[in-house]
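**Q** Below is the file final-v7.cif, with mmCIF, C-alpha atoms, pLDDT in the B column; chains and numbers go by the auth columns.
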data_start
#
loop_
_atom_site.group_PDB
_atom_site.id
_atom_site.type_symbol
_atom_site.label_atom_id
_atom_site.label_comp_id
_atom_site.label_asym_id
_atom_site.label_seq_id
_atom_site.Cartn_x
_atom_site.Cartn_y
_atom_site.Cartn_z
_atom_site.B_iso_or_equiv
_atom_site.auth_seq_id
_atom_site.auth_asym_id
ATOM 1 C CA LYS A 1 -33.911 -136.882 -117.885 89.00 1 A
ATOM 2 C CA GLY A 2 -34.442 -137.769 -114.264 91.00 2 A
ATOM 3 C CA ALA A 3 -31.098 -139.537 -113.887 92.00 3 A
ATOM 4 C CA THR A 4 -29.706 -136.841 -111.586 93.00 4 A
ATOM 5 C CA PHE A 5 -32.859 -137.013 -109.473 93.00 5 A
ATOM 6 C CA MET A 6 -32.254 -140.738 -108.986 91.00 6 A
ATOM 7 C CA GLU A 7 -28.542 -140.360 -108.262 91.00 7 A
ATOM 8 C CA GLU A 8 -27.823 -136.982 -106.693 94.00 8 A
ATOM 9 C CA SER A 9 -31.072 -136.211 -104.874 95.00 9 A
ATOM 10 C CA PHE A 10 -30.877 -139.482 -102.993 93.00 10 A
ATOM 11 C CA ALA A 11 -27.187 -139.020 -102.282 93.00 11 A
ATOM 12 C CA GLN A 12 -28.323 -135.777 -100.638 94.00 12 A
ATOM 13 C CA TYR A 13 -30.990 -137.700 -98.752 95.00 13 A
ATOM 14 C CA SER A 14 -28.374 -140.076 -97.345 95.00 14 A
ATOM 15 C CA ALA A 15 -26.229 -137.129 -96.237 94.00 15 A
ATOM 16 C CA LEU A 16 -29.222 -135.463 -94.577 94.00 16 A
ATOM 17 C CA MET A 17 -30.009 -138.589 -92.586 95.00 17 A
ATOM 18 C CA VAL A 18 -26.422 -138.709 -91.305 95.00 18 A
ATOM 19 C CA MET A 19 -26.607 -135.011 -90.439 93.00 19 A
ATOM 20 C CA GLU A 20 -29.880 -135.436 -88.553 92.00 20 A
ATOM 21 C CA LYS A 21 -28.551 -138.413 -86.582 92.00 21 A
ATOM 22 C CA GLU A 22 -25.442 -136.417 -85.633 93.00 22 A
ATOM 23 C CA TYR A 23 -26.996 -133.036 -84.817 88.00 23 A
ATOM 24 C CA GLY A 24 -30.696 -133.710 -84.151 84.00 24 A
ATOM 25 C CA ARG A 25 -33.965 -132.906 -85.887 79.00 25 A
ATOM 26 C CA GLU A 26 -34.163 -129.340 -84.582 74.00 26 A
ATOM 27 C CA GLN A 27 -30.810 -128.427 -86.162 80.00 27 A
ATOM 28 C CA MET A 28 -32.043 -129.461 -89.614 85.00 28 A
ATOM 29 C CA GLU A 29 -34.079 -126.250 -89.818 82.00 29 A
ATOM 30 C CA LYS A 30 -30.913 -124.243 -90.506 86.00 30 A
ATOM 31 C CA PHE A 31 -29.708 -126.457 -93.342 90.00 31 A
ATOM 32 C CA LEU A 32 -33.130 -126.766 -94.976 90.00 32 A
ATOM 33 C CA SER A 33 -33.482 -122.979 -94.834 91.00 33 A
ATOM 34 C CA TYR A 34 -30.150 -122.702 -96.648 92.00 34 A
ATOM 35 C CA GLU A 35 -31.199 -125.238 -99.294 94.00 35 A
ATOM 36 C CA LEU A 36 -34.520 -123.445 -99.800 94.00 36 A
ATOM 37 C CA ASP A 37 -32.732 -120.151 -100.377 95.00 37 A
ATOM 38 C CA ARG A 38 -30.347 -121.752 -102.890 95.00 38 A
ATOM 39 C CA TYR A 39 -33.231 -123.394 -104.758 96.00 39 A
ATOM 40 C CA LEU A 40 -35.218 -120.146 -104.980 94.00 40 A
ATOM 41 C CA ARG A 41 -32.139 -118.300 -106.226 94.00 41 A
ATOM 42 C CA GLY A 42 -31.499 -121.018 -108.796 94.00 42 A
ATOM 43 C CA ARG A 43 -34.988 -120.977 -110.251 93.00 43 A
ATOM 44 C CA ALA A 44 -34.903 -117.162 -110.417 91.00 44 A
ATOM 45 C CA GLU A 45 -31.726 -117.370 -112.516 92.00 45 A
ATOM 46 C CA GLU A 46 -33.010 -120.144 -114.816 89.00 46 A
ATOM 47 C CA ARG A 47 -32.466 -118.999 -118.417 87.00 47 A
ATOM 48 C CA LYS A 48 -34.698 -121.569 -120.123 87.00 48 A
ATOM 49 C CA GLU A 49 -37.487 -123.410 -118.338 91.00 49 A
ATOM 50 C CA GLU A 50 -37.524 -125.020 -114.926 93.00 50 A
ATOM 51 C CA PRO A 51 -38.550 -128.685 -115.188 94.00 51 A
ATOM 52 C CA PRO A 52 -40.121 -130.655 -112.340 96.00 52 A
ATOM 53 C CA LEU A 53 -37.647 -132.485 -110.104 96.00 53 A
ATOM 54 C CA LEU A 54 -38.611 -135.734 -111.850 95.00 54 A
ATOM 55 C CA LEU A 55 -37.113 -134.427 -115.112 94.00 55 A
ATOM 56 C CA ALA A 56 -34.006 -132.767 -113.679 90.00 56 A
ATOM 57 C CA SER A 57 -30.898 -133.213 -115.810 87.00 57 A
ATOM 58 C CA GLU A 58 -28.165 -130.589 -115.484 87.00 58 A
ATOM 59 C CA GLN A 59 -29.771 -128.158 -113.032 91.00 59 A
ATOM 60 C CA GLY A 60 -27.858 -128.421 -109.750 92.00 60 A
ATOM 61 C CA TYR A 61 -30.331 -126.134 -107.995 94.00 61 A
ATOM 62 C CA LEU A 62 -32.924 -128.833 -108.670 95.00 62 A
ATOM 63 C CA TYR A 63 -31.282 -132.188 -108.000 94.00 63 A
ATOM 64 C CA TYR A 64 -29.191 -130.911 -105.076 95.00 64 A
ATOM 65 C CA ARG A 65 -31.135 -128.045 -103.469 95.00 65 A
ATOM 66 C CA LYS A 66 -34.720 -128.973 -104.242 96.00 66 A
ATOM 67 C CA GLY A 67 -33.736 -132.621 -104.003 96.00 67 A
ATOM 68 C CA SER A 68 -32.669 -132.098 -100.388 95.00 68 A
ATOM 69 C CA LEU A 69 -35.928 -130.365 -99.508 96.00 69 A
ATOM 70 C CA VAL A 70 -38.150 -132.907 -101.224 97.00 70 A
ATOM 71 C CA THR A 71 -36.484 -136.117 -100.047 96.00 71 A
ATOM 72 C CA TYR A 72 -36.211 -134.899 -96.453 96.00 72 A
ATOM 73 C CA ALA A 73 -39.825 -133.699 -96.427 96.00 73 A
ATOM 74 C CA LEU A 74 -41.165 -136.905 -97.970 97.00 74 A
ATOM 75 C CA ARG A 75 -39.252 -138.967 -95.391 96.00 75 A
ATOM 76 C CA ASP A 76 -40.655 -136.765 -92.614 95.00 76 A
ATOM 77 C CA TYR A 77 -44.231 -137.189 -93.824 97.00 77 A
ATOM 78 C CA ILE A 78 -44.291 -140.919 -94.583 97.00 78 A
ATOM 79 C CA GLY A 79 -41.675 -142.026 -92.037 96.00 79 A
ATOM 80 C CA GLU A 80 -38.081 -143.171 -92.394 95.00 80 A
ATOM 81 C CA GLU A 81 -38.981 -146.860 -92.344 96.00 81 A
ATOM 82 C CA ARG A 82 -41.389 -146.541 -95.290 96.00 82 A
ATOM 83 C CA MET A 83 -38.997 -144.321 -97.224 96.00 83 A
ATOM 84 C CA ASN A 84 -36.007 -146.590 -96.788 95.00 84 A
ATOM 85 C CA ALA A 85 -38.052 -149.707 -97.523 96.00 85 A
ATOM 86 C CA ALA A 86 -39.218 -148.164 -100.814 96.00 86 A
ATOM 87 C CA LEU A 87 -35.639 -147.340 -101.817 95.00 87 A
ATOM 88 C CA ARG A 88 -34.388 -150.762 -100.750 95.00 88 A
ATOM 89 C CA ASP A 89 -37.106 -152.560 -102.723 94.00 89 A
ATOM 90 C CA PHE A 90 -36.435 -150.421 -105.801 94.00 90 A
ATOM 91 C CA ILE A 91 -32.719 -151.243 -105.661 93.00 91 A
ATOM 92 C CA GLU A 92 -33.378 -154.960 -105.223 94.00 92 A
ATOM 93 C CA ARG A 93 -35.770 -155.042 -108.185 91.00 93 A
ATOM 94 C CA SER A 94 -33.518 -152.938 -110.407 91.00 94 A
ATOM 95 C CA ARG A 95 -29.988 -154.194 -109.884 90.00 95 A
ATOM 96 C CA TYR A 96 -28.276 -156.053 -112.732 92.00 96 A
ATOM 97 C CA VAL A 97 -31.319 -155.936 -115.001 90.00 97 A
ATOM 98 C CA GLY A 98 -31.019 -155.543 -118.747 89.00 98 A
ATOM 99 C CA PRO A 99 -32.980 -153.244 -121.042 91.00 99 A
ATOM 100 C CA PRO A 100 -35.397 -151.612 -120.643 89.00 100 A
ATOM 101 C CA TYR A 101 -33.394 -150.160 -117.769 90.00 101 A
ATOM 102 C CA PRO A 102 -35.120 -148.714 -114.694 90.00 102 A
ATOM 103 C CA ASN A 103 -35.624 -144.960 -114.737 93.00 103 A
ATOM 104 C CA ALA A 104 -36.942 -142.117 -112.577 94.00 104 A
ATOM 105 C CA LEU A 105 -40.547 -143.057 -113.321 95.00 105 A
ATOM 106 C CA ASP A 106 -39.965 -146.473 -111.742 95.00 106 A
ATOM 107 C CA LEU A 107 -38.435 -144.863 -108.657 95.00 107 A
ATOM 108 C CA VAL A 108 -41.348 -142.448 -108.309 96.00 108 A
ATOM 109 C CA GLN A 109 -43.776 -145.352 -108.556 95.00 109 A
ATOM 110 C CA ALA A 110 -41.938 -147.114 -105.721 95.00 110 A
ATOM 111 C CA LEU A 111 -42.198 -143.983 -103.578 96.00 111 A
ATOM 112 C CA ARG A 112 -45.876 -143.592 -104.417 96.00 112 A
ATOM 113 C CA GLU A 113 -46.609 -147.176 -103.379 95.00 113 A
ATOM 114 C CA ALA A 114 -44.946 -146.495 -99.998 96.00 114 A
ATOM 115 C CA THR A 115 -46.913 -143.292 -99.363 96.00 115 A
ATOM 116 C CA PRO A 116 -50.083 -143.537 -97.218 96.00 116 A
ATOM 117 C CA ASP A 117 -53.320 -142.361 -98.810 94.00 117 A
ATOM 118 C CA GLU A 118 -53.512 -139.215 -96.662 94.00 118 A
ATOM 119 C CA TYR A 119 -50.237 -138.020 -98.207 96.00 119 A
ATOM 120 C CA ASP A 120 -50.833 -139.209 -101.765 92.00 120 A
ATOM 121 C CA TYR A 121 -50.686 -135.622 -103.060 96.00 121 A
ATOM 122 C CA LEU A 122 -47.058 -135.197 -101.966 97.00 122 A
ATOM 123 C CA VAL A 123 -45.391 -137.102 -104.812 96.00 123 A
ATOM 124 C CA GLU A 124 -47.432 -135.231 -107.410 96.00 124 A
ATOM 125 C CA ASP A 125 -46.736 -131.866 -105.775 97.00 125 A
ATOM 126 C CA MET A 126 -43.084 -132.268 -104.878 96.00 126 A
ATOM 127 C CA ILE A 127 -41.651 -134.453 -107.640 96.00 127 A
ATOM 128 C CA GLU A 128 -43.924 -134.425 -110.676 97.00 128 A
ATOM 129 C CA ASN A 129 -44.821 -130.716 -110.619 97.00 129 A
ATOM 130 C CA ILE A 130 -43.523 -127.336 -109.497 97.00 130 A
ATOM 131 C CA THR A 131 -45.511 -126.493 -106.385 97.00 131 A
ATOM 132 C CA LEU A 132 -45.023 -123.400 -104.225 97.00 132 A
ATOM 133 C CA TYR A 133 -46.591 -122.200 -100.977 97.00 133 A
ATOM 134 C CA ASP A 134 -47.257 -118.834 -99.413 97.00 134 A
ATOM 135 C CA ASN A 135 -47.499 -119.688 -95.714 98.00 135 A
ATOM 136 C CA ARG A 136 -47.357 -116.975 -93.076 98.00 136 A
ATOM 137 C CA THR A 137 -48.270 -116.343 -89.462 98.00 137 A
ATOM 138 C CA GLU A 138 -50.447 -113.296 -88.883 98.00 138 A
ATOM 139 C CA GLU A 139 -50.791 -113.518 -85.111 97.00 139 A
ATOM 140 C CA ALA A 140 -49.476 -115.610 -82.209 98.00 140 A
ATOM 141 C CA THR A 141 -50.682 -115.025 -78.655 97.00 141 A
ATOM 142 C CA VAL A 142 -50.220 -116.895 -75.378 97.00 142 A
ATOM 143 C CA GLU A 143 -52.300 -117.345 -72.234 96.00 143 A
ATOM 144 C CA GLN A 144 -51.100 -119.089 -69.090 96.00 144 A
ATOM 145 C CA LEU A 145 -53.514 -121.712 -67.779 96.00 145 A
ATOM 146 C CA GLU A 146 -54.312 -122.465 -64.141 95.00 146 A
ATOM 147 C CA ASP A 147 -52.295 -125.690 -64.266 96.00 147 A
ATOM 148 C CA GLY A 148 -49.152 -123.787 -65.266 95.00 148 A
ATOM 149 C CA ARG A 149 -49.224 -124.748 -68.942 97.00 149 A
ATOM 150 C CA TYR A 150 -49.623 -122.259 -71.799 97.00 150 A
ATOM 151 C CA ARG A 151 -52.272 -121.996 -74.500 97.00 151 A
ATOM 152 C CA VAL A 152 -50.920 -120.647 -77.792 98.00 152 A
ATOM 153 C CA ALA A 153 -53.428 -119.235 -80.296 98.00 153 A
ATOM 154 C CA LEU A 154 -52.328 -118.849 -83.912 98.00 154 A
ATOM 155 C CA ARG A 155 -53.787 -117.190 -86.982 98.00 155 A
ATOM 156 C CA VAL A 156 -51.978 -118.488 -90.072 98.00 156 A
ATOM 157 C CA GLN A 157 -52.503 -118.087 -93.807 98.00 157 A
ATOM 158 C CA SER A 158 -51.744 -120.885 -96.255 98.00 158 A
ATOM 159 C CA HIS A 159 -51.864 -120.628 -100.036 97.00 159 A
ATOM 160 C CA LYS A 160 -50.641 -123.108 -102.629 98.00 160 A
ATOM 161 C CA MET A 161 -49.665 -122.499 -106.253 97.00 161 A
ATOM 162 C CA ARG A 162 -48.722 -124.668 -109.217 96.00 162 A
ATOM 163 C CA ALA A 163 -46.152 -123.112 -111.570 94.00 163 A
ATOM 164 C CA ASP A 164 -45.134 -123.924 -115.114 91.00 164 A
ATOM 165 C CA GLY A 165 -41.542 -123.906 -116.352 86.00 165 A
ATOM 166 C CA ARG A 166 -41.579 -120.167 -117.046 86.00 166 A
ATOM 167 C CA GLY A 167 -42.906 -119.288 -113.606 83.00 167 A
ATOM 168 C CA VAL A 168 -46.558 -118.648 -114.468 89.00 168 A
ATOM 169 C CA GLU A 169 -48.524 -119.616 -111.356 91.00 169 A
ATOM 170 C CA THR A 170 -52.043 -120.924 -110.829 95.00 170 A
ATOM 171 C CA ASP A 171 -53.730 -120.954 -107.426 96.00 171 A
ATOM 172 C CA LEU A 172 -54.385 -124.466 -106.151 96.00 172 A
ATOM 173 C CA PRO A 173 -56.985 -124.831 -103.364 96.00 173 A
ATOM 174 C CA HIS A 174 -55.749 -127.317 -100.811 96.00 174 A
ATOM 175 C CA SER A 175 -56.424 -129.226 -97.617 97.00 175 A
ATOM 176 C CA ASP A 176 -52.850 -130.213 -96.803 98.00 176 A
ATOM 177 C CA TRP A 177 -50.950 -131.466 -93.775 98.00 177 A
ATOM 178 C CA ILE A 178 -48.585 -128.681 -92.649 98.00 178 A
ATOM 179 C CA GLU A 179 -46.455 -128.416 -89.523 97.00 179 A
ATOM 180 C CA ILE A 180 -47.253 -126.047 -86.694 98.00 180 A
ATOM 181 C CA GLY A 181 -44.370 -125.315 -84.331 96.00 181 A
ATOM 182 C CA VAL A 182 -43.928 -123.554 -81.000 97.00 182 A
ATOM 183 C CA TYR A 183 -40.443 -122.634 -79.765 95.00 183 A
ATOM 184 C CA GLY A 184 -39.332 -122.241 -76.179 94.00 184 A
ATOM 185 C CA ASP A 185 -36.857 -119.663 -74.893 87.00 185 A
ATOM 186 C CA GLU A 186 -33.347 -119.704 -76.286 78.00 186 A
ATOM 187 C CA GLY A 187 -30.955 -121.928 -74.346 67.00 187 A
ATOM 188 C CA GLU A 188 -27.367 -121.286 -73.350 59.00 188 A
ATOM 189 C CA ASP A 189 -26.168 -122.832 -76.613 64.00 189 A
ATOM 190 C CA GLY A 190 -28.257 -120.369 -78.625 63.00 190 A
ATOM 191 C CA ASP A 191 -30.784 -122.964 -79.766 74.00 191 A
ATOM 192 C CA GLU A 192 -34.536 -122.659 -79.374 79.00 192 A
ATOM 193 C CA PRO A 193 -36.110 -126.034 -78.515 87.00 193 A
ATOM 194 C CA PHE A 194 -39.480 -127.013 -79.911 92.00 194 A
ATOM 195 C CA LEU A 195 -42.200 -127.153 -77.284 95.00 195 A
ATOM 196 C CA TYR A 196 -44.635 -128.358 -79.946 96.00 196 A
ATOM 197 C CA LEU A 197 -44.174 -129.653 -83.499 95.00 197 A
ATOM 198 C CA GLU A 198 -47.075 -131.443 -85.158 97.00 198 A
ATOM 199 C CA LYS A 199 -48.759 -131.530 -88.557 97.00 199 A
ATOM 200 C CA HIS A 200 -52.262 -130.079 -88.891 98.00 200 A
ATOM 201 C CA ARG A 201 -54.616 -130.339 -91.845 97.00 201 A
ATOM 202 C CA LEU A 202 -54.897 -126.757 -93.044 98.00 202 A
ATOM 203 C CA GLU A 203 -57.262 -125.317 -95.629 97.00 203 A
ATOM 204 C CA SER A 204 -56.490 -122.631 -98.189 97.00 204 A
ATOM 205 C CA GLY A 205 -56.699 -119.181 -96.622 97.00 205 A
ATOM 206 C CA LEU A 206 -56.993 -118.327 -92.951 98.00 206 A
ATOM 207 C CA ASN A 207 -56.635 -121.036 -90.293 98.00 207 A
ATOM 208 C CA GLU A 208 -57.020 -120.535 -86.540 98.00 208 A
ATOM 209 C CA ILE A 209 -55.224 -123.024 -84.302 97.00 209 A
ATOM 210 C CA GLU A 210 -54.809 -123.492 -80.548 97.00 210 A
ATOM 211 C CA VAL A 211 -52.228 -125.729 -78.900 97.00 211 A
ATOM 212 C CA VAL A 212 -51.203 -126.230 -75.260 97.00 212 A
ATOM 213 C CA VAL A 213 -47.526 -126.501 -74.294 97.00 213 A
ATOM 214 C CA GLU A 214 -45.669 -127.185 -71.076 94.00 214 A
ATOM 215 C CA GLY A 215 -43.085 -124.383 -71.150 92.00 215 A
ATOM 216 C CA ARG A 216 -43.189 -120.659 -71.780 94.00 216 A
ATOM 217 C CA PRO A 217 -43.367 -120.106 -75.583 96.00 217 A
ATOM 218 C CA ALA A 218 -41.194 -117.543 -77.343 95.00 218 A
ATOM 219 C CA ARG A 219 -42.054 -117.925 -81.038 96.00 219 A
ATOM 220 C CA ALA A 220 -44.602 -119.888 -83.027 97.00 220 A
ATOM 221 C CA GLY A 221 -45.892 -120.379 -86.526 98.00 221 A
ATOM 222 C CA ILE A 222 -46.394 -122.482 -89.632 98.00 222 A
ATOM 223 C CA ASP A 223 -43.916 -124.812 -91.366 96.00 223 A
ATOM 224 C CA PRO A 224 -41.012 -123.808 -89.105 93.00 224 A
ATOM 225 C CA ARG A 225 -38.551 -126.348 -90.563 91.00 225 A
ATOM 226 C CA HIS A 226 -39.192 -125.333 -94.195 91.00 226 A
ATOM 227 C CA LEU A 227 -40.454 -128.732 -95.309 94.00 227 A
ATOM 228 C CA LEU A 228 -42.517 -126.979 -97.986 96.00 228 A
ATOM 229 C CA ILE A 229 -41.216 -124.694 -100.712 96.00 229 A
ATOM 230 C CA ASP A 230 -42.273 -121.222 -99.614 95.00 230 A
ATOM 231 C CA ARG A 231 -41.066 -118.224 -101.602 90.00 231 A
ATOM 232 C CA VAL A 232 -41.119 -115.978 -98.507 93.00 232 A
ATOM 233 C CA PRO A 233 -40.167 -118.232 -95.581 93.00 233 A
ATOM 234 C CA ASP A 234 -39.221 -115.370 -93.246 94.00 234 A
ATOM 235 C CA ASP A 235 -42.863 -114.659 -92.323 96.00 235 A
ATOM 236 C CA ASN A 236 -43.649 -118.227 -91.236 97.00 236 A
ATOM 237 C CA ILE A 237 -42.687 -117.613 -87.599 96.00 237 A
ATOM 238 C CA ARG A 238 -43.289 -114.678 -85.280 96.00 238 A
ATOM 239 C CA GLY A 239 -42.837 -113.819 -81.629 96.00 239 A
ATOM 240 C CA VAL A 240 -45.607 -114.793 -79.226 96.00 240 A
ATOM 241 C CA ALA A 241 -47.456 -111.880 -77.617 94.00 241 A
ATOM 242 C CA GLY A 242 -49.191 -111.920 -74.254 84.00 242 A
#
What would you get if you wrote out this structure as structure tokens?
**A**
Amino acid sequence: KGATFMEESFAQYSALMVMEKEYGREQMEKFLSYELDRYLRGRAEERKEEPPLLLASEQGYLYYRKGSLVTYALRDYIGEERMNAALRDFIERSRYVGPPYPNALDLVQALREATPDEYDYLVEDMIENITLYDNRTEEATVEQLEDGRYRVALRVQSHKMRADGRGVETDLPHSDWIEIGVYGDEGEDGDEPFLYLEKHRLESGLNEIEVVVEGRPARAGIDPRHLLIDRVPDDNIRGVAG
């Protein structure tokens, strides 16, 4: 157990890094949305019990789909340099060794050592447990300032759950770092550029946030790139009124 997490999830991570370098960070939203949908479909069709990613064995929806989401998100939170250094150090320590052979627990420990204290909950949530979010944007309004910039006011809800292998969920109060994004108008190529994309520490329940951006905002909301596993991601973003 865990072998496919070590092998396939980090093969996915390598592919994602190539994709991001080629097409840009903003384009990753589309692929991560696809992977999230495939993961949610996979866990809904699970006939036995869903294990945490750490214990994945033959479940492709885990080591490929969830693996993509988790490795990309962890890299985004702790930084590519820390992530790659942890993987590099693990490989250097583990190559050509005899029994007892390195396993997924050793890899997770290497990732945990590379993770700053403020994000120490991420490994437990994303890899060692089944953690789900219900994030949604209730309201997004805009006001133009005298200097020509725009103030965007957001009301967002954030809820976090821990699930067991059969899908039974328990509410988990949190104070987590979650992205807030503001999109500009759609360009000629059909893409919507981010005017603002930063992580905020959000509490369980209602959060009210204000940010100031340079250009006219079109849409805004919470976790726009689907870094977190949200069962209903379509309500994360909404059009800006005002």
**Q** Rounded to one decimal place, report the CA of Ser68 in chain A-CA of Tyr13 in chain A distance in Å.
**A**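 According to the coordinates, CA of Ser68 in chain A and CA of Tyr13 in chain A are separated by 6.1 Å.
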**Q** Quick check on the file I pasted: which residues fall under the PyMOL selection byres ((chain A and resi 169) around 12)? Write them as a VMD selection string.
**A** chain A and resid 129 to 133 159 to 168 170 to 172
**Q** For a quick check of your reading of the model, name the residues lying within 8 Å of the coordinate (-40.0, -122.6, -82.6), counting all atoms listed in the file, and write them as a ChimeraX atom specification.
**A** /A:181-184,192-196,218-221,224,237
**Q** Please produce a file of the residues just selected, as an mmCIF file, in the coordinates of the input, where the atoms kept are C-alpha atoms.
**A**
data_model
loop_
_atom_site.group_PDB
_atom_site.id
_atom_site.type_symbol
_atom_site.label_atom_id
_atom_site.label_comp_id
_atom_site.auth_asym_id
_atom_site.auth_seq_id
_atom_site.Cartn_x
_atom_site.Cartn_y
_atom_site.Cartn_z
ATOM 1 C CA GLY A 181 -44.370 -125.315 -84.331
ATOM 2 C CA VAL A 182 -43.928 -123.554 -81.000
ATOM 3 C CA TYR A 183 -40.443 -122.634 -79.765
ATOM 4 C CA GLY A 184 -39.332 -122.241 -76.179
ATOM 5 C CA GLU A 192 -34.536 -122.659 -79.374
ATOM 6 C CA PRO A 193 -36.110 -126.034 -78.515
ATOM 7 C CA PHE A 194 -39.480 -127.013 -79.911
ATOM 8 C CA LEU A 195 -42.200 -127.153 -77.284
ATOM 9 C CA TYR A 196 -44.635 -128.358 -79.946
ATOM 10 C CA ALA A 218 -41.194 -117.543 -77.343
ATOM 11 C CA ARG A 219 -42.054 -117.925 -81.038
ATOM 12 C CA ALA A 220 -44.602 -119.888 -83.027
ATOM 13 C CA GLY A 221 -45.892 -120.379 -86.526
ATOM 14 C CA PRO A 224 -41.012 -123.808 -89.105
ATOM 15 C CA ILE A 237 -42.687 -117.613 -87.599
#
**Q** Which one of A:Leu107, A:Met83, A:Ile180, A:Val211 sits closest to Met17 in chain A if you count all atoms listed in the file?
**A**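 The closest residue to Met17 in chain A is A:Met83.
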**Q** Identify which of the residues A:Leu227, A:Val156, A:Leu16, A:Ala114 lies closest to Asn135 in chain A, counting all atoms listed in the file when measuring atom-to-atom distances.
**A**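 Looking at the shortest contact to Asn135 in chain A, the residue is A:Val156.
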**Q** I want to know what sits within 8 Å of Gly242 in chain A, based on all atoms listed in the file, with residues of the same chain fewer than 6 positions away left out; could you give that as an MDAnalysis selection string?
**A** chainID A and resid 141:143
**Q** Near range 126-128 of chain A, counting all atoms listed in the file, which residues have an atom at most 6 Å away, once you skip same-chain residues fewer than 5 positions from it, shown as a ChimeraX atom specification?
**A** /A:52-54
**Q** Applied to the shown file, which residues does the PyMOL selection byres ((chain A and resi 154) around 6) return, written as a VMD selection string?
**A** chain A and resid 139 to 140 153 155 208 to 209
**Q** Which residues fall under the PyMOL selection byres ((chain A and resi 86) around 12) in this file, as a PyMOL selection string?
**A** chain A and resi 74-75+78-85+87-93+106-115
**Q** Which is closest to Asp230 in chain A among A:Glu8, A:Glu45, A:Asp134, A:Glu26, if we use all atoms listed in the file?
**A** A:Asp134
**Q** Around (-47.2, -134.2, -92.9) in the file's frame, which residues reach within 7 Å when counting all atoms listed in the file? Return as a list of chain:residue names?
**A**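 Protein, DNA and RNA residues close to (-47.2, -134.2, -92.9): A:Tyr77, A:Trp177, A:Ile178, A:Glu179, A:Lys199.
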**Q** Of the residues A:Glu20, A:Ser158, A:Arg151, A:Pro99, which is the one nearest to Val232 in chain A, using all atoms listed in the file?
**A** A:Ser158
**Q** What box, with edges along x, y and z, holds each listed atom of range 224-233 of chain A when 5 Å is added on every side, and can you state its centre and edge lengths in Å to one decimal, as AutoDock Vina command-line options?
**A**
--center_x -40.5 --center_y -122.4 --center_z -95.4 --size_x 14.0 --size_y 22.8 --size_z 22.5
**Q** Which is closer to Arg136 in chain A than all the others in A:Glu35, A:Asp235, A:Glu124, A:Glu210, using only C-alpha atoms?
**A**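 Of A:Glu35, A:Asp235, A:Glu124, A:Glu210, the one nearest Arg136 in chain A, counting only C-alpha atoms, is A:Asp235.
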**Q** Have a look at CA of Gly215 in chain A and CA of Tyr150 in chain A and let me know their distance in Å, one decimal.
**A**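 Taking CA of Gly215 in chain A and CA of Tyr150 in chain A, their separation equals 6.9 Å.
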**Q** Rounded to one decimal in Å, what is the spacing between CA of Pro116 in chain A and CA of Arg201 in chain A?
**A** 15.0 Å
**Q** From the options A:Phe5, A:Val18, A:Leu36, A:Val240, which residue's atoms come nearest to Gly60 in chain A, counting only C-alpha atoms?
**A** A:Phe5
**Q** Skipping near chain neighbours, those fewer than 3 positions away, what residues fall within 12 Å of Glu46 in chain A using only C-alpha atoms, listed as a list in words?
**A** Tyr39, Leu40, Arg41, Gly42, Arg43, Glu49, Glu50, Pro51, Glu58, Gln59, Gly60, Tyr61, Leu62, Gly165, Arg166 and Gly167 of chain A
**Q** If we count all atoms listed in the file, what is near Asp37 in chain A at a cut-off of 9 Å, once residues fewer than 5 positions away on the same chain are taken out, given as number ranges by chain?
**A** A: 32, 42, 65, 231
**Q** Any chance you could export the current selection's C-alpha atoms as a compact mmCIF listing (two decimals), in the coordinates of the input?
**A**
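The new file out_29.txt reads:
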# COMPACT_ATOMS: atom_id res chain seq x y z
CA LEU A 32 -33.13 -126.77 -94.98
CA GLY A 42 -31.50 -121.02 -108.80
CA ARG A 65 -31.14 -128.04 -103.47
CA ARG A 231 -41.07 -118.22 -101.60
